[in-house]
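One structure is given below, encoded as structure tokens.
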Amino acid sequence: MYGRRNPAAFFKALEKLHYRKEIDITKIRLRFIGRFGDEVLEMFKSTDIRNCIEVIGYMQHNELTKQLLLSDALLLIVDESDDSNEIVPGKVYEYIGSGKGVLAIAPEKSAIADLIKETNSGYVAHQSNLDGIADSFLIFYNAHQNGCLLYTSDAADERYSVDLGGRRIIKKQTKKKKKKTEKSIQ
């Protein structure tokens, strides 16, 4: 992240939720993985939600994919260049393919926005739409706080989910250890 592709709007939206006491930042961990420009590194340090931010540098693609699959939700930030309206980077397909919910901060009339909407993969809000970013984040946050994860409808297990406008809320399943019983034959 660098230049116009930065988390400033995302941070402002979360700060707004934090000030209104709609989220508890002690229950959030925001992991940013990759290469970051100096201005973005400064944003990480200066935001009022900095205590919930973890910055991890460059990571090999195979390890990055593992981290993607361990995440509860994914953040996609797209800059507003003329080219970004028509280009869909490979990362977008990886995010959609993970089955995790995506919060995209992107032009609302773009190829990326259309793809996310068509695949029911998450929510899109323009970087100038702080309320839209906040509302979208709040959906993920509330689902997580209620013991659920937000997945795309294609990734949902019908037995444990509730439809939410094309997306599904899935109850987290805890693994129960089964006791093995042995029968002796005499």
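Naming scheme: A, B, ... for chains in displayed order of the structure tokens; residues 1 onward per chain; ligands 1 onward as shown.
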From a DSSP pass on the backbone, collect the residues of range 47-150 of chain A flagged as alpha helix (DSSP H) and hand them back as a ChimeraX atom specification. /A:61-70,90-98,111-118,130-145
Preceding selection exported with N, CA and C atoms as a short mmCIF file (atom, residue, chain, number, x, y, z; two decimals), in the first residue's frame:
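Output file selection-v1.cif is given in full below:
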data_model
loop_
_atom_site.label_atom_id
_atom_site.label_comp_id
_atom_site.auth_asym_id
_atom_site.auth_seq_id
_atom_site.Cartn_x
_atom_site.Cartn_y
_atom_site.Cartn_z
N HIS A 61 4.18 -15.96 -1.32
CA HIS A 61 2.79 -16.15 -1.72
C HIS A 61 2.13 -17.35 -1.06
N ASN A 62 2.83 -18.48 -0.94
CA ASN A 62 2.21 -19.66 -0.33
C ASN A 62 1.88 -19.42 1.14
N GLU A 63 2.75 -18.70 1.85
CA GLU A 63 2.48 -18.37 3.26
C GLU A 63 1.36 -17.34 3.35
N LEU A 64 1.35 -16.41 2.43
CA LEU A 64 0.30 -15.39 2.39
C LEU A 64 -1.07 -16.04 2.19
N THR A 65 -1.13 -17.04 1.33
CA THR A 65 -2.38 -17.75 1.09
C THR A 65 -2.88 -18.43 2.36
N LYS A 66 -1.97 -18.99 3.13
CA LYS A 66 -2.36 -19.61 4.41
C LYS A 66 -2.95 -18.56 5.35
N GLN A 67 -2.32 -17.39 5.42
CA GLN A 67 -2.81 -16.31 6.27
C GLN A 67 -4.19 -15.83 5.81
N LEU A 68 -4.39 -15.78 4.52
CA LEU A 68 -5.66 -15.38 3.94
C LEU A 68 -6.76 -16.32 4.43
N LEU A 69 -6.48 -17.62 4.40
CA LEU A 69 -7.47 -18.61 4.80
C LEU A 69 -7.71 -18.64 6.31
N LEU A 70 -6.77 -18.13 7.09
CA LEU A 70 -6.93 -18.06 8.55
C LEU A 70 -7.72 -16.82 8.99
N GLY A 90 -5.37 -10.10 -9.84
CA GLY A 90 -5.50 -11.49 -9.42
C GLY A 90 -5.85 -11.66 -7.96
N LYS A 91 -5.40 -10.72 -7.13
CA LYS A 91 -5.69 -10.77 -5.70
C LYS A 91 -7.19 -10.83 -5.43
N VAL A 92 -7.97 -10.14 -6.24
CA VAL A 92 -9.43 -10.12 -6.06
C VAL A 92 -9.99 -11.52 -6.21
N TYR A 93 -9.51 -12.26 -7.21
CA TYR A 93 -9.98 -13.63 -7.43
C TYR A 93 -9.56 -14.54 -6.28
N GLU A 94 -8.36 -14.32 -5.74
CA GLU A 94 -7.92 -15.11 -4.58
C GLU A 94 -8.82 -14.83 -3.38
N TYR A 95 -9.15 -13.57 -3.16
CA TYR A 95 -10.03 -13.22 -2.06
C TYR A 95 -11.40 -13.88 -2.23
N ILE A 96 -11.97 -13.77 -3.41
CA ILE A 96 -13.28 -14.37 -3.67
C ILE A 96 -13.20 -15.89 -3.51
N GLY A 97 -12.15 -16.49 -4.04
CA GLY A 97 -11.98 -17.93 -3.97
C GLY A 97 -11.78 -18.46 -2.56
N SER A 98 -11.34 -17.61 -1.65
CA SER A 98 -11.13 -18.04 -0.26
C SER A 98 -12.46 -18.33 0.44
N ALA A 111 -15.13 -2.57 -12.28
CA ALA A 111 -15.15 -4.01 -12.55
C ALA A 111 -15.02 -4.81 -11.25
N ILE A 112 -14.22 -4.31 -10.31
CA ILE A 112 -14.06 -5.01 -9.02
C ILE A 112 -15.37 -5.00 -8.25
N ALA A 113 -16.02 -3.85 -8.17
CA ALA A 113 -17.30 -3.76 -7.46
C ALA A 113 -18.33 -4.68 -8.09
N ASP A 114 -18.39 -4.68 -9.41
CA ASP A 114 -19.35 -5.56 -10.11
C ASP A 114 -19.08 -7.02 -9.79
N LEU A 115 -17.82 -7.42 -9.78
CA LEU A 115 -17.46 -8.81 -9.52
C LEU A 115 -17.81 -9.21 -8.08
N ILE A 116 -17.52 -8.36 -7.13
CA ILE A 116 -17.84 -8.66 -5.74
C ILE A 116 -19.35 -8.78 -5.54
N LYS A 117 -20.09 -7.89 -6.18
CA LYS A 117 -21.56 -7.95 -6.08
C LYS A 117 -22.11 -9.19 -6.78
N GLU A 118 -21.62 -9.49 -7.98
CA GLU A 118 -22.09 -10.65 -8.74
C GLU A 118 -21.84 -11.96 -8.02
N LEU A 130 -17.55 7.10 4.20
CA LEU A 130 -17.15 6.58 5.51
C LEU A 130 -18.28 5.82 6.19
N ASP A 131 -19.52 6.28 6.02
CA ASP A 131 -20.65 5.56 6.62
C ASP A 131 -20.81 4.19 5.99
N GLY A 132 -20.62 4.09 4.68
CA GLY A 132 -20.72 2.80 4.00
C GLY A 132 -19.62 1.85 4.45
N ILE A 133 -18.42 2.36 4.61
CA ILE A 133 -17.31 1.54 5.11
C ILE A 133 -17.62 1.08 6.53
N ALA A 134 -18.06 2.01 7.37
CA ALA A 134 -18.38 1.68 8.77
C ALA A 134 -19.50 0.65 8.85
N ASP A 135 -20.57 0.86 8.08
CA ASP A 135 -21.70 -0.08 8.10
C ASP A 135 -21.27 -1.47 7.65
N SER A 136 -20.45 -1.54 6.62
CA SER A 136 -19.97 -2.83 6.12
C SER A 136 -19.10 -3.52 7.16
N PHE A 137 -18.19 -2.76 7.76
CA PHE A 137 -17.33 -3.35 8.80
C PHE A 137 -18.17 -3.85 9.97
N LEU A 138 -19.18 -3.09 10.34
CA LEU A 138 -20.04 -3.45 11.46
C LEU A 138 -20.76 -4.78 11.23
N ILE A 139 -21.11 -5.08 10.00
CA ILE A 139 -21.72 -6.37 9.69
C ILE A 139 -20.76 -7.50 10.02
N PHE A 140 -19.50 -7.36 9.60
CA PHE A 140 -18.49 -8.38 9.91
C PHE A 140 -18.24 -8.46 11.42
N TYR A 141 -18.10 -7.32 12.04
CA TYR A 141 -17.80 -7.25 13.48
C TYR A 141 -18.92 -7.91 14.29
N ASN A 142 -20.16 -7.54 14.03
CA ASN A 142 -21.29 -8.09 14.79
C ASN A 142 -21.44 -9.59 14.57
N ALA A 143 -21.23 -10.05 13.35
CA ALA A 143 -21.29 -11.48 13.09
C ALA A 143 -20.23 -12.20 13.91
N HIS A 144 -19.02 -11.68 13.91
CA HIS A 144 -17.94 -12.30 14.66
C HIS A 144 -18.22 -12.28 16.16
N GLN A 145 -18.73 -11.18 16.68
CA GLN A 145 -19.02 -11.09 18.10
C GLN A 145 -20.14 -12.04 18.53
#
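Residues with any atom within 7 Å of Leu75 in chain A, counting only C-alpha atoms and excluding same-chain neighbours fewer than 6 positions away, are Val102, Leu103 and Ala104 of chain A.
Those residues that approach Ile105 in chain A to within 8 Å, counting only C-alpha atoms, are Phe10, Leu75, Leu76, Ile77, Val78, Val124, Ala125, His126, Gln127 and Ile133 of chain A; same-chain residues fewer than 3 positions away are not listed.
Shell of Ile56 in chain A at 9 Å, with only C-alpha atoms counted and residues fewer than 6 places along the chain excluded, is A:Arg31, A:Phe32, A:Ile33, A:Gly34, A:Arg35.
For the choices A:Lys109, A:Lys12, A:His18, A:Arg50, the atom-to-atom distance to Glu80 in chain A is smallest for A:Lys109 when using only C-alpha atoms.
The residue that comes closest to Ser46 in chain A, out of A:Met59, A:Val88, A:Ala13, A:Ala8 and on the basis of only C-alpha atoms, is A:Ala8.
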Find, counting only C-alpha atoms, the residue in A:Glu15, A:Lys27, A:Ala73, A:Pro7 that gets nearest to Glu42 in chain A. A:Pro7
How many Å separate CA of Lys100 in chain A from CA of Leu74 in chain A? 6.7 Å
DSSP-assigned strand (DSSP E) members of range 14-142 of chain A, reported as a compact mmCIF listing (two decimals) with C-alpha atoms, in the first residue's frame:
# COMPACT_ATOMS: atom_id res chain seq x y z
CA LEU A 30 -6.30 -5.98 11.95
CA ARG A 31 -3.41 -7.70 10.20
CA PHE A 32 -1.78 -5.86 7.31
CA ILE A 33 0.62 -8.00 5.34
CA ILE A 53 -3.17 -3.18 14.19
CA GLU A 54 -0.49 -5.72 13.44
CA VAL A 55 1.86 -4.93 10.55
CA ILE A 56 3.67 -7.82 8.90
CA ALA A 73 -12.67 -11.37 6.71
CA LEU A 74 -10.55 -9.65 4.08
CA LEU A 75 -9.93 -5.99 3.30
CA LEU A 76 -9.34 -4.91 -0.27
CA ILE A 77 -8.27 -1.32 -0.93
CA GLY A 101 -16.22 -12.10 3.27
CA VAL A 102 -14.55 -9.15 1.53
CA LEU A 103 -14.80 -5.49 2.48
CA ALA A 104 -13.70 -3.62 -0.62
CA ILE A 105 -12.89 0.06 -0.46
CA GLY A 122 -18.84 -9.01 0.34
CA TYR A 123 -19.46 -5.30 0.43
CA VAL A 124 -18.11 -2.37 -1.56
CA ALA A 125 -17.89 1.23 -0.38
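Interatomic distance, CA of Lys21 in chain A to CA of Asn146 in chain A: 16.8 Å.
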Between CA of Gly99 in chain A and CA of Met43 in chain A lies a distance of 29.0 Å
Rank A:Phe36, A:Ile49, A:Asp72, A:Ala9 by their smallest atom-to-atom distance to Cys148 in chain A, using only C-alpha atoms, and report the top residue only. A:Asp72
